[in-house]
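In what follows, a single structure is set out as structure tokens and then discussed.
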Amino acid sequence: MPSPLHINPEARRWRYGGDSEAASTLEQRRQAVLKFHGHLPEYRETPLRSLPSIANELGLGHVLLKDESSRFGLPSFKILGASWAVYCAVRERVDQLEGLAQAITADEDPLLALSVLAGRVERARQKLGDVKLITCTEGNWGRAVARMVGYLKLPAVVYVAAYMNETTRELIRREGALVIPVEGGYDGAAAAAKQAADEDDNSLLVMDIGWEGYEKVPQRVVEGYQTMLDESQKQVEELTGGKQATHAIVPAGCGSVAQAVTQHFKSLASDKHPAARVIVVELDTAACLKLSLERGEMTTVATGDSIMCGMNCGTLSTTAWPVLRAGVDASVVVNDADSHAAVEQLREQGTRAGPCGAASLAALTRACELEMDALGLDGESVVVLFCTEGAREYRVPV
């Protein structure tokens, strides 16, 4: 039986960052995103929760849970990436129609920018024609895209796997989107969305996974997730008396949020503080990152059904892969039973997480059972778990 853990020793020496000019551009973009999110309806920081009993049980210094169970009124962090990516994509389309090319900067009033864009969309309706946004989803991403598109009064079409339950489909429809089920799991839904956009010149494809020739939008998604990381950075120091995270654990999925987490923590290294180790968690039916790391090349795997549906991706984003290959310290594979046990454990701690959200705790438990020493996990460790979704219905594994 293959090991559920793969360690990438080269990642300990890798740092994220470029030359000073590139770093300045990234910082300007980060500030623009943070300001943009701060003025959207219902923005507030999500909590970072300390789990001292779990830390004691595992022999760790601190276990801290970034709880994304309610973000802008939705049960997932996905709206952070979706809102920024949709805003940028629609704005660029309207700029093209009006013969403009305006950079998005941190100096803009983002609330005004959003309302101005909505007005520009309305005035450009005749030129825009029947423009619509197209995406695919396992659930939370589709709801997030539809919510943001609704602010701009544009239609959204969301492709989903045929096995998606009706409750999840209805939640997406309530955001105003047309839901189209297709066979072939997440990869089949992604292919259908791409084909639909290719056949409709008046559509905008907004996906959180990249491939050759489709890189800009997924990078905007990753930029959007930085807000979660900026919040957590400050919160970790507040909860630990000034300490920094030594480990971060995040679901892999198609790779976008894992890319954001890896870039963030691998950019913070200094002589005083080494870079935090980044551990990704994958489900046993879709461990494409683990296999890709083992083989040294991006590898697609066939997927099966799982209660961790938001992580059930058999293909990595091409924009995420270079960062993950260089910077992820380890991949840990868990199954549905592991995730469900972590859901129950977090419920006892007062946090209502879904299976994908609890997967980070499941991975930490598994890592401590297997390779504490090799992963540098000990009584001084400050571990940040990214709980990426709130409680939802799912089939309890037996």
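Residue numbering restarts at 1 for every chain of the structure tokens, chains are lettered A, B, ... in their displayed order, and ligands are numbered from 1 as they appear.
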
(request) Compile the contact shell of Thr227 in chain A as a PyMOL selection string: residues with an atom at most 8 Å away, counting only C-alpha atoms, same-chain residues fewer than 4 positions apart removed. (result) chain A and resi 30+33-34+37+80+231

So that I have them on file, write out the residues from the current selection with all heavy atoms, as a compact mmCIF listing (two decimals), in the first residue's frame.
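Okay, this is what ended up in selection.txt:
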```txt
# COMPACT_ATOMS: atom_id res chain seq x y z
N ARG A 30 -1.39 43.47 -3.74
CA ARG A 30 -1.90 42.95 -2.46
C ARG A 30 -2.71 44.02 -1.73
O ARG A 30 -3.79 43.75 -1.19
CB ARG A 30 -0.74 42.47 -1.59
CG ARG A 30 -1.17 41.78 -0.31
CD ARG A 30 0.02 41.42 0.55
NE ARG A 30 0.65 42.60 1.11
CZ ARG A 30 0.20 43.22 2.22
NH1 ARG A 30 -0.87 42.77 2.86
NH2 ARG A 30 0.82 44.28 2.67
N VAL A 33 -6.10 44.51 -3.41
CA VAL A 33 -7.04 43.43 -3.10
C VAL A 33 -7.58 43.57 -1.69
O VAL A 33 -8.80 43.45 -1.47
CB VAL A 33 -6.35 42.05 -3.28
CG1 VAL A 33 -7.27 40.94 -2.81
CG2 VAL A 33 -5.95 41.83 -4.72
N LEU A 34 -6.72 43.83 -0.74
CA LEU A 34 -7.14 43.96 0.65
C LEU A 34 -8.14 45.10 0.81
O LEU A 34 -9.16 44.97 1.50
CB LEU A 34 -5.92 44.18 1.55
CG LEU A 34 -6.16 44.18 3.06
CD1 LEU A 34 -6.70 42.83 3.51
CD2 LEU A 34 -4.86 44.51 3.80
N HIS A 37 -11.58 44.06 -0.82
CA HIS A 37 -12.38 43.18 0.03
C HIS A 37 -12.94 43.92 1.24
O HIS A 37 -14.07 43.66 1.67
CB HIS A 37 -11.53 42.00 0.52
CG HIS A 37 -11.30 40.97 -0.54
ND1 HIS A 37 -10.12 40.25 -0.62
CD2 HIS A 37 -12.08 40.54 -1.56
CE1 HIS A 37 -10.20 39.42 -1.65
NE2 HIS A 37 -11.37 39.57 -2.23
N LEU A 80 -13.34 35.16 -1.69
CA LEU A 80 -12.19 36.07 -1.75
C LEU A 80 -11.56 36.05 -3.14
O LEU A 80 -11.26 37.10 -3.72
CB LEU A 80 -11.15 35.67 -0.69
CG LEU A 80 -11.54 35.88 0.77
CD1 LEU A 80 -10.47 35.27 1.68
CD2 LEU A 80 -11.72 37.37 1.08
N GLU A 231 -4.85 38.48 7.13
CA GLU A 231 -5.57 38.43 8.40
C GLU A 231 -4.91 37.45 9.36
O GLU A 231 -4.68 37.76 10.54
CB GLU A 231 -7.02 38.00 8.16
CG GLU A 231 -7.89 38.98 7.41
CD GLU A 231 -9.26 38.41 7.12
OE1 GLU A 231 -9.55 37.26 7.53
OE2 GLU A 231 -10.06 39.11 6.47
```

Selection: 10 Å around range 51-63 of chain A, only C-alpha atoms, excl. self and same-chain fewer than 2 positions, as a PDB file with all heavy atoms, in the first residue's frame:
```
ATOM      1  N   LEU A  48      -9.475  33.391  13.979  1.00  0.00           N
ATOM      2  CA  LEU A  48      -8.438  32.375  14.141  1.00  0.00           C
ATOM      3  C   LEU A  48      -8.634  31.798  15.529  1.00  0.00           C
ATOM      4  O   LEU A  48      -8.469  32.500  16.530  1.00  0.00           O
ATOM      5  CB  LEU A  48      -7.044  32.976  13.986  1.00  0.00           C
ATOM      6  CG  LEU A  48      -5.892  31.962  14.034  1.00  0.00           C
ATOM      7  CD1 LEU A  48      -5.877  31.109  12.768  1.00  0.00           C
ATOM      8  CD2 LEU A  48      -4.545  32.670  14.191  1.00  0.00           C
ATOM      9  N   ARG A  49      -8.986  30.526  15.603  1.00  0.00           N
ATOM     10  CA  ARG A  49      -9.359  29.912  16.873  1.00  0.00           C
ATOM     11  C   ARG A  49      -8.210  29.064  17.419  1.00  0.00           C
ATOM     12  O   ARG A  49      -7.619  28.260  16.697  1.00  0.00           O
ATOM     13  CB  ARG A  49     -10.603  29.037  16.691  1.00  0.00           C
ATOM     14  CG  ARG A  49     -11.791  29.769  16.064  1.00  0.00           C
ATOM     15  CD  ARG A  49     -13.036  28.912  16.098  1.00  0.00           C
ATOM     16  NE  ARG A  49     -14.117  29.501  15.324  1.00  0.00           N
ATOM     17  CZ  ARG A  49     -14.895  30.487  15.747  1.00  0.00           C
ATOM     18  NH1 ARG A  49     -14.688  30.999  16.947  1.00  0.00           N
ATOM     19  NH2 ARG A  49     -15.863  30.971  14.999  1.00  0.00           N
ATOM     20  N   LEU A  65      -6.775  27.495  14.239  1.00  0.00           N
ATOM     21  CA  LEU A  65      -7.669  27.178  13.128  1.00  0.00           C
ATOM     22  C   LEU A  65      -8.219  28.462  12.523  1.00  0.00           C
ATOM     23  O   LEU A  65      -8.954  29.201  13.183  1.00  0.00           O
ATOM     24  CB  LEU A  65      -8.826  26.303  13.620  1.00  0.00           C
ATOM     25  CG  LEU A  65      -9.767  25.796  12.543  1.00  0.00           C
ATOM     26  CD1 LEU A  65      -9.284  24.449  12.017  1.00  0.00           C
ATOM     27  CD2 LEU A  65     -11.196  25.649  13.081  1.00  0.00           C
ATOM     28  N   VAL A 236      -2.147  35.301  14.250  1.00  0.00           N
ATOM     29  CA  VAL A 236      -1.212  34.350  14.848  1.00  0.00           C
ATOM     30  C   VAL A 236      -0.358  35.048  15.894  1.00  0.00           C
ATOM     31  O   VAL A 236      -0.175  34.552  17.021  1.00  0.00           O
ATOM     32  CB  VAL A 236      -0.318  33.710  13.770  1.00  0.00           C
ATOM     33  CG1 VAL A 236       0.861  32.974  14.418  1.00  0.00           C
ATOM     34  CG2 VAL A 236      -1.119  32.733  12.910  1.00  0.00           C
ATOM     35  N   LEU A 239      -2.330  35.791  19.095  1.00  0.00           N
ATOM     36  CA  LEU A 239      -2.674  34.640  19.918  1.00  0.00           C
ATOM     37  C   LEU A 239      -1.467  33.974  20.577  1.00  0.00           C
ATOM     38  O   LEU A 239      -1.616  33.266  21.565  1.00  0.00           O
ATOM     39  CB  LEU A 239      -3.433  33.596  19.081  1.00  0.00           C
ATOM     40  CG  LEU A 239      -4.889  33.914  18.736  1.00  0.00           C
ATOM     41  CD1 LEU A 239      -5.456  32.845  17.814  1.00  0.00           C
ATOM     42  CD2 LEU A 239      -5.741  34.022  19.995  1.00  0.00           C
ATOM     43  N   THR A 240      -0.294  34.189  20.005  1.00  0.00           N
ATOM     44  CA  THR A 240       0.899  33.491  20.508  1.00  0.00           C
ATOM     45  C   THR A 240       1.885  34.417  21.196  1.00  0.00           C
ATOM     46  O   THR A 240       2.989  33.981  21.559  1.00  0.00           O
ATOM     47  CB  THR A 240       1.627  32.777  19.354  1.00  0.00           C
ATOM     48  OG1 THR A 240       2.097  33.767  18.422  1.00  0.00           O
ATOM     49  CG2 THR A 240       0.709  31.797  18.651  1.00  0.00           C
ATOM     50  N   ALA A 245       3.995  31.495  12.658  1.00  0.00           N
ATOM     51  CA  ALA A 245       3.636  30.119  12.339  1.00  0.00           C
ATOM     52  C   ALA A 245       4.874  29.331  11.921  1.00  0.00           C
ATOM     53  O   ALA A 245       5.734  29.838  11.198  1.00  0.00           O
ATOM     54  CB  ALA A 245       2.605  30.096  11.219  1.00  0.00           C
ATOM     55  N   THR A 246       4.953  28.099  12.373  1.00  0.00           N
ATOM     56  CA  THR A 246       6.018  27.188  11.935  1.00  0.00           C
ATOM     57  C   THR A 246       5.517  26.189  10.904  1.00  0.00           C
ATOM     58  O   THR A 246       6.310  25.617  10.160  1.00  0.00           O
ATOM     59  CB  THR A 246       6.592  26.415  13.131  1.00  0.00           C
ATOM     60  OG1 THR A 246       5.545  25.612  13.724  1.00  0.00           O
ATOM     61  CG2 THR A 246       7.162  27.362  14.182  1.00  0.00           C
ATOM     62  N   HIS A 247       4.203  25.976  10.873  1.00  0.00           N
ATOM     63  CA  HIS A 247       3.585  25.037   9.939  1.00  0.00           C
ATOM     64  C   HIS A 247       2.236  25.589   9.499  1.00  0.00           C
ATOM     65  O   HIS A 247       1.509  26.189  10.300  1.00  0.00           O
ATOM     66  CB  HIS A 247       3.366  23.661  10.577  1.00  0.00           C
ATOM     67  CG  HIS A 247       4.617  22.966  11.001  1.00  0.00           C
ATOM     68  ND1 HIS A 247       5.318  23.342  12.138  1.00  0.00           N
ATOM     69  CD2 HIS A 247       5.309  21.926  10.453  1.00  0.00           C
ATOM     70  CE1 HIS A 247       6.380  22.567  12.269  1.00  0.00           C
ATOM     71  NE2 HIS A 247       6.393  21.690  11.270  1.00  0.00           N
ATOM     72  N   ALA A 248       1.903  25.362   8.244  1.00  0.00           N
ATOM     73  CA  ALA A 248       0.590  25.707   7.711  1.00  0.00           C
ATOM     74  C   ALA A 248       0.048  24.497   6.965  1.00  0.00           C
ATOM     75  O   ALA A 248       0.775  23.877   6.181  1.00  0.00           O
ATOM     76  CB  ALA A 248       0.681  26.905   6.779  1.00  0.00           C
ATOM     77  N   GLN A 345     -14.538  16.068  15.820  1.00  0.00           N
ATOM     78  CA  GLN A 345     -13.589  16.610  16.794  1.00  0.00           C
ATOM     79  C   GLN A 345     -13.695  18.132  16.860  1.00  0.00           C
ATOM     80  O   GLN A 345     -13.686  18.721  17.952  1.00  0.00           O
ATOM     81  CB  GLN A 345     -12.167  16.188  16.416  1.00  0.00           C
ATOM     82  CG  GLN A 345     -11.132  16.453  17.501  1.00  0.00           C
ATOM     83  CD  GLN A 345      -9.770  15.893  17.145  1.00  0.00           C
ATOM     84  OE1 GLN A 345      -9.547  15.412  16.022  1.00  0.00           O
ATOM     85  NE2 GLN A 345      -8.840  15.942  18.073  1.00  0.00           N
ATOM     86  N   LEU A 346     -13.823  18.765  15.712  1.00  0.00           N
ATOM     87  CA  LEU A 346     -13.955  20.228  15.705  1.00  0.00           C
ATOM     88  C   LEU A 346     -15.300  20.662  16.280  1.00  0.00           C
ATOM     89  O   LEU A 346     -15.389  21.715  16.929  1.00  0.00           O
ATOM     90  CB  LEU A 346     -13.783  20.763  14.283  1.00  0.00           C
ATOM     91  CG  LEU A 346     -12.351  20.750  13.746  1.00  0.00           C
ATOM     92  CD1 LEU A 346     -12.321  21.211  12.287  1.00  0.00           C
ATOM     93  CD2 LEU A 346     -11.441  21.638  14.597  1.00  0.00           C
ATOM     94  N   GLN A 349     -15.081  21.141  19.742  1.00  0.00           N
ATOM     95  CA  GLN A 349     -14.329  22.346  20.074  1.00  0.00           C
ATOM     96  C   GLN A 349     -15.125  23.627  19.780  1.00  0.00           C
ATOM     97  O   GLN A 349     -14.612  24.735  19.934  1.00  0.00           O
ATOM     98  CB  GLN A 349     -13.026  22.386  19.267  1.00  0.00           C
ATOM     99  CG  GLN A 349     -12.106  21.210  19.498  1.00  0.00           C
ATOM    100  CD  GLN A 349     -11.486  21.228  20.877  1.00  0.00           C
ATOM    101  OE1 GLN A 349     -11.096  22.271  21.375  1.00  0.00           O
ATOM    102  NE2 GLN A 349     -11.412  20.063  21.506  1.00  0.00           N
ATOM    103  N   GLY A 350     -16.368  23.463  19.322  1.00  0.00           N
ATOM    104  CA  GLY A 350     -17.215  24.620  19.057  1.00  0.00           C
ATOM    105  C   GLY A 350     -17.128  25.166  17.653  1.00  0.00           C
ATOM    106  O   GLY A 350     -17.625  26.263  17.382  1.00  0.00           O
ATOM    107  N   LEU A 361      -7.230  19.344   9.835  1.00  0.00           N
ATOM    108  CA  LEU A 361      -7.003  18.705  11.135  1.00  0.00           C
ATOM    109  C   LEU A 361      -6.737  17.217  10.953  1.00  0.00           C
ATOM    110  O   LEU A 361      -5.873  16.640  11.626  1.00  0.00           O
ATOM    111  CB  LEU A 361      -8.201  18.928  12.058  1.00  0.00           C
ATOM    112  CG  LEU A 361      -8.136  18.196  13.410  1.00  0.00           C
ATOM    113  CD1 LEU A 361      -6.882  18.592  14.192  1.00  0.00           C
ATOM    114  CD2 LEU A 361      -9.395  18.481  14.229  1.00  0.00           C
ATOM    115  N   LEU A 364      -3.160  16.892   9.985  1.00  0.00           N
ATOM    116  CA  LEU A 364      -2.237  17.120  11.103  1.00  0.00           C
ATOM    117  C   LEU A 364      -2.175  15.883  11.994  1.00  0.00           C
ATOM    118  O   LEU A 364      -1.085  15.453  12.412  1.00  0.00           O
ATOM    119  CB  LEU A 364      -2.682  18.332  11.920  1.00  0.00           C
ATOM    120  CG  LEU A 364      -1.866  18.615  13.187  1.00  0.00           C
ATOM    121  CD1 LEU A 364      -0.412  18.895  12.845  1.00  0.00           C
ATOM    122  CD2 LEU A 364      -2.480  19.776  13.971  1.00  0.00           C
ATOM    123  N   THR A 365      -3.319  15.301  12.293  1.00  0.00           N
ATOM    124  CA  THR A 365      -3.354  14.091  13.110  1.00  0.00           C
ATOM    125  C   THR A 365      -2.552  12.968  12.461  1.00  0.00           C
ATOM    126  O   THR A 365      -1.755  12.282  13.112  1.00  0.00           O
ATOM    127  CB  THR A 365      -4.810  13.650  13.335  1.00  0.00           C
ATOM    128  OG1 THR A 365      -5.539  14.714  13.957  1.00  0.00           O
ATOM    129  CG2 THR A 365      -4.876  12.416  14.217  1.00  0.00           C
ATOM    130  N   CYS A 368       1.238  13.679  12.563  1.00  0.00           N
ATOM    131  CA  CYS A 368       1.818  13.444  13.892  1.00  0.00           C
ATOM    132  C   CYS A 368       1.959  11.957  14.181  1.00  0.00           C
ATOM    133  O   CYS A 368       2.866  11.533  14.908  1.00  0.00           O
ATOM    134  CB  CYS A 368       0.964  14.121  14.961  1.00  0.00           C
ATOM    135  SG  CYS A 368       1.105  15.927  14.973  1.00  0.00           S
ATOM    136  N   GLU A 369       1.089  11.144  13.617  1.00  0.00           N
ATOM    137  CA  GLU A 369       1.193   9.693  13.783  1.00  0.00           C
ATOM    138  C   GLU A 369       2.378   9.123  13.003  1.00  0.00           C
ATOM    139  O   GLU A 369       3.008   8.155  13.436  1.00  0.00           O
ATOM    140  CB  GLU A 369      -0.095   9.018  13.293  1.00  0.00           C
ATOM    141  CG  GLU A 369      -1.316   9.303  14.143  1.00  0.00           C
ATOM    142  CD  GLU A 369      -2.604   8.809  13.499  1.00  0.00           C
ATOM    143  OE1 GLU A 369      -2.563   8.411  12.308  1.00  0.00           O
ATOM    144  OE2 GLU A 369      -3.649   8.830  14.162  1.00  0.00           O
ATOM    145  N   MET A 372       6.505  13.012  12.862  1.00  0.00           N
ATOM    146  CA  MET A 372       6.662  14.273  13.584  1.00  0.00           C
ATOM    147  C   MET A 372       8.077  14.824  13.438  1.00  0.00           C
ATOM    148  O   MET A 372       8.277  16.011  13.148  1.00  0.00           O
ATOM    149  CB  MET A 372       6.317  14.102  15.065  1.00  0.00           C
ATOM    150  CG  MET A 372       4.840  13.967  15.350  1.00  0.00           C
ATOM    151  SD  MET A 372       4.433  14.083  17.118  1.00  0.00           S
ATOM    152  CE  MET A 372       4.678  15.834  17.448  1.00  0.00           C
ATOM    153  N   LEU A 377       7.661  18.763  13.755  1.00  0.00           N
ATOM    154  CA  LEU A 377       6.529  18.988  14.640  1.00  0.00           C
ATOM    155  C   LEU A 377       6.922  18.613  16.068  1.00  0.00           C
ATOM    156  O   LEU A 377       7.284  17.467  16.334  1.00  0.00           O
ATOM    157  CB  LEU A 377       5.324  18.164  14.191  1.00  0.00           C
ATOM    158  CG  LEU A 377       4.656  18.608  12.885  1.00  0.00           C
ATOM    159  CD1 LEU A 377       3.771  17.503  12.320  1.00  0.00           C
ATOM    160  CD2 LEU A 377       3.844  19.888  13.107  1.00  0.00           C
ATOM    161  N   ASP A 378       6.834  19.597  16.983  1.00  0.00           N
ATOM    162  CA  ASP A 378       7.233  19.344  18.370  1.00  0.00           C
ATOM    163  C   ASP A 378       6.518  20.323  19.297  1.00  0.00           C
ATOM    164  O   ASP A 378       5.592  21.039  18.870  1.00  0.00           O
ATOM    165  CB  ASP A 378       8.750  19.458  18.534  1.00  0.00           C
ATOM    166  CG  ASP A 378       9.311  20.805  18.085  1.00  0.00           C
ATOM    167  OD1 ASP A 378       8.607  21.835  18.223  1.00  0.00           O
ATOM    168  OD2 ASP A 378      10.466  20.843  17.612  1.00  0.00           O
ATOM    169  N   GLY A 379       6.942  20.376  20.525  1.00  0.00           N
ATOM    170  CA  GLY A 379       6.283  21.203  21.537  1.00  0.00           C
ATOM    171  C   GLY A 379       6.415  22.689  21.329  1.00  0.00           C
ATOM    172  O   GLY A 379       5.730  23.476  22.004  1.00  0.00           O
ATOM    173  N   GLU A 380       7.256  23.118  20.386  1.00  0.00           N
ATOM    174  CA  GLU A 380       7.401  24.540  20.069  1.00  0.00           C
ATOM    175  C   GLU A 380       6.648  24.940  18.803  1.00  0.00           C
ATOM    176  O   GLU A 380       6.617  26.119  18.454  1.00  0.00           O
ATOM    177  CB  GLU A 380       8.885  24.892  19.898  1.00  0.00           C
ATOM    178  CG  GLU A 380       9.733  24.642  21.140  1.00  0.00           C
ATOM    179  CD  GLU A 380       9.264  25.493  22.306  1.00  0.00           C
ATOM    180  OE1 GLU A 380       8.956  26.687  22.098  1.00  0.00           O
ATOM    181  OE2 GLU A 380       9.183  24.956  23.430  1.00  0.00           O
ATOM    182  N   SER A 381       6.040  23.991  18.155  1.00  0.00           N
ATOM    183  CA  SER A 381       5.411  24.265  16.860  1.00  0.00           C
ATOM    184  C   SER A 381       4.165  25.141  17.003  1.00  0.00           C
ATOM    185  O   SER A 381       3.370  24.982  17.937  1.00  0.00           O
ATOM    186  CB  SER A 381       5.021  22.949  16.164  1.00  0.00           C
ATOM    187  OG  SER A 381       6.162  22.189  15.861  1.00  0.00           O
ATOM    188  N   VAL A 382       4.010  26.049  16.049  1.00  0.00           N
ATOM    189  CA  VAL A 382       2.804  26.871  15.922  1.00  0.00           C
ATOM    190  C   VAL A 382       2.173  26.496  14.584  1.00  0.00           C
ATOM    191  O   VAL A 382       2.665  26.875  13.517  1.00  0.00           O
ATOM    192  CB  VAL A 382       3.129  28.374  15.958  1.00  0.00           C
ATOM    193  CG1 VAL A 382       1.864  29.195  15.753  1.00  0.00           C
ATOM    194  CG2 VAL A 382       3.827  28.740  17.263  1.00  0.00           C
ATOM    195  N   VAL A 383       1.103  25.706  14.640  1.00  0.00           N
ATOM    196  CA  VAL A 383       0.499  25.136  13.436  1.00  0.00           C
ATOM    197  C   VAL A 383      -0.788  25.887  13.111  1.00  0.00           C
ATOM    198  O   VAL A 383      -1.683  26.005  13.961  1.00  0.00           O
ATOM    199  CB  VAL A 383       0.187  23.642  13.629  1.00  0.00           C
ATOM    200  CG1 VAL A 383      -0.387  23.057  12.343  1.00  0.00           C
ATOM    201  CG2 VAL A 383       1.443  22.880  14.052  1.00  0.00           C
ATOM    202  N   VAL A 384      -0.897  26.375  11.881  1.00  0.00           N
ATOM    203  CA  VAL A 384      -2.111  27.044  11.413  1.00  0.00           C
ATOM    204  C   VAL A 384      -2.841  26.099  10.469  1.00  0.00           C
ATOM    205  O   VAL A 384      -2.290  25.666   9.449  1.00  0.00           O
ATOM    206  CB  VAL A 384      -1.795  28.359  10.687  1.00  0.00           C
ATOM    207  CG1 VAL A 384      -3.087  29.015  10.189  1.00  0.00           C
ATOM    208  CG2 VAL A 384      -1.052  29.317  11.614  1.00  0.00           C
ATOM    209  N   LEU A 385      -4.074  25.759  10.817  1.00  0.00           N
ATOM    210  CA  LEU A 385      -4.937  24.936   9.983  1.00  0.00           C
ATOM    211  C   LEU A 385      -5.914  25.838   9.244  1.00  0.00           C
ATOM    212  O   LEU A 385      -6.583  26.667   9.874  1.00  0.00           O
ATOM    213  CB  LEU A 385      -5.724  23.936  10.831  1.00  0.00           C
ATOM    214  CG  LEU A 385      -4.952  23.045  11.795  1.00  0.00           C
ATOM    215  CD1 LEU A 385      -5.931  22.198  12.609  1.00  0.00           C
ATOM    216  CD2 LEU A 385      -3.971  22.154  11.037  1.00  0.00           C
TER     217      LEU A 385
END
```

(message) Can you tell me which residues surround Gly253 in chain A at a distance of at most 7 Å, considering only C-alpha atoms, apart from same-chain residues fewer than 4 positions away, and format the answer as an MDAnalysis selection string?
(response) chainID A and resid 310:313

Closest atom pairs, range 328-350 of chain A residues within 12 Å of range 2-11 of chain A, only C-alpha atoms, as a tab-separated table:
```
residue	atom	partner	partner_atom	distance
A:Val328	CA	A:Ala11	CA	5.9
A:Asp329	CA	A:Asn8	CA	4.9
A:Ala330	CA	A:Ile7	CA	4.3
A:Ser331	CA	A:His6	CA	5.3
A:Val332	CA	A:Leu5	CA	4.6
A:Val333	CA	A:Pro4	CA	4.9
A:Val334	CA	A:Pro4	CA	7.3
A:Asn335	CA	A:Pro4	CA	9.8
```

Expected file: the selected residues, N, CA and C atoms, as a short mmCIF file (atom, residue, chain, number, x, y, z; two decimals), in the first residue's frame:
```cif
data_model
loop_
_atom_site.label_atom_id
_atom_site.label_comp_id
_atom_site.auth_asym_id
_atom_site.auth_seq_id
_atom_site.Cartn_x
_atom_site.Cartn_y
_atom_site.Cartn_z
N VAL A 328 6.03 23.22 -1.49
CA VAL A 328 5.25 22.39 -0.57
C VAL A 328 6.17 21.39 0.11
N ASP A 329 6.17 21.39 1.43
CA ASP A 329 7.06 20.51 2.20
C ASP A 329 6.56 19.09 2.28
N ALA A 330 5.24 18.91 2.26
CA ALA A 330 4.72 17.54 2.36
C ALA A 330 3.27 17.50 1.88
N SER A 331 2.90 16.34 1.38
CA SER A 331 1.49 16.06 1.05
C SER A 331 1.03 14.90 1.92
N VAL A 332 -0.12 15.07 2.56
CA VAL A 332 -0.70 14.03 3.41
C VAL A 332 -2.05 13.63 2.82
N VAL A 333 -2.26 12.36 2.66
CA VAL A 333 -3.51 11.84 2.10
C VAL A 333 -4.41 11.34 3.22
N VAL A 334 -5.69 11.75 3.18
CA VAL A 334 -6.67 11.28 4.16
C VAL A 334 -7.88 10.72 3.40
N ASN A 335 -8.71 9.95 4.12
CA ASN A 335 -9.92 9.41 3.50
C ASN A 335 -11.16 10.01 4.14
#
```

(request) Just the helix (DSSP H, G or I) stuff from range 176-272 of chain A, please, per backbone DSSP, written as a ChimeraX atom specification. (result) /A:185-198,216-240,256-265

(message) List the spatial neighbours of Glu170 in chain A as an MDAnalysis selection string - criterion: any atom at most 12 Å away, only C-alpha atoms, same-chain residues fewer than 2 positions off excluded.
(response) chainID A and resid 139:140 142:143 158 160 164:168 172:180

(message) Give me, as a count of residues only, the residues of range 187-380 of chain A that a backbone DSSP run labels strand (DSSP E or B).
(response) 23

(message) Would you pick out the contacts of Lys216 in chain A at 12 Å or less, using only C-alpha atoms, so that residues sharing its chain but fewer than 6 positions from it are not included, and give the list as a list in words?
(response)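 Close residues of Lys216 in chain A: Trp84, Ala85, Val86, Cys88, Ala89, Glu92, Leu205, Val206, Met207, Asp208, Ile209, Gly210, Val222, Glu223, Thr318, Thr319 and Ala320 of chain A.
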
(message) Quick one: residues within 10 Å of Ala353 in chain A, only C-alpha atoms, excluding same-chain residues fewer than 2 positions away - as a ChimeraX atom specification?
(response) /A:67-69,75-76,340,342-347,350-351,355-359,387-392

(request) Write out as a ChimeraX atom specification each polymer residue whose atoms come within 8 Å of Gln233 in chain A, counting only C-alpha atoms; drop sequence neighbours fewer than 4 positions from it. (result) /A:229,237,244
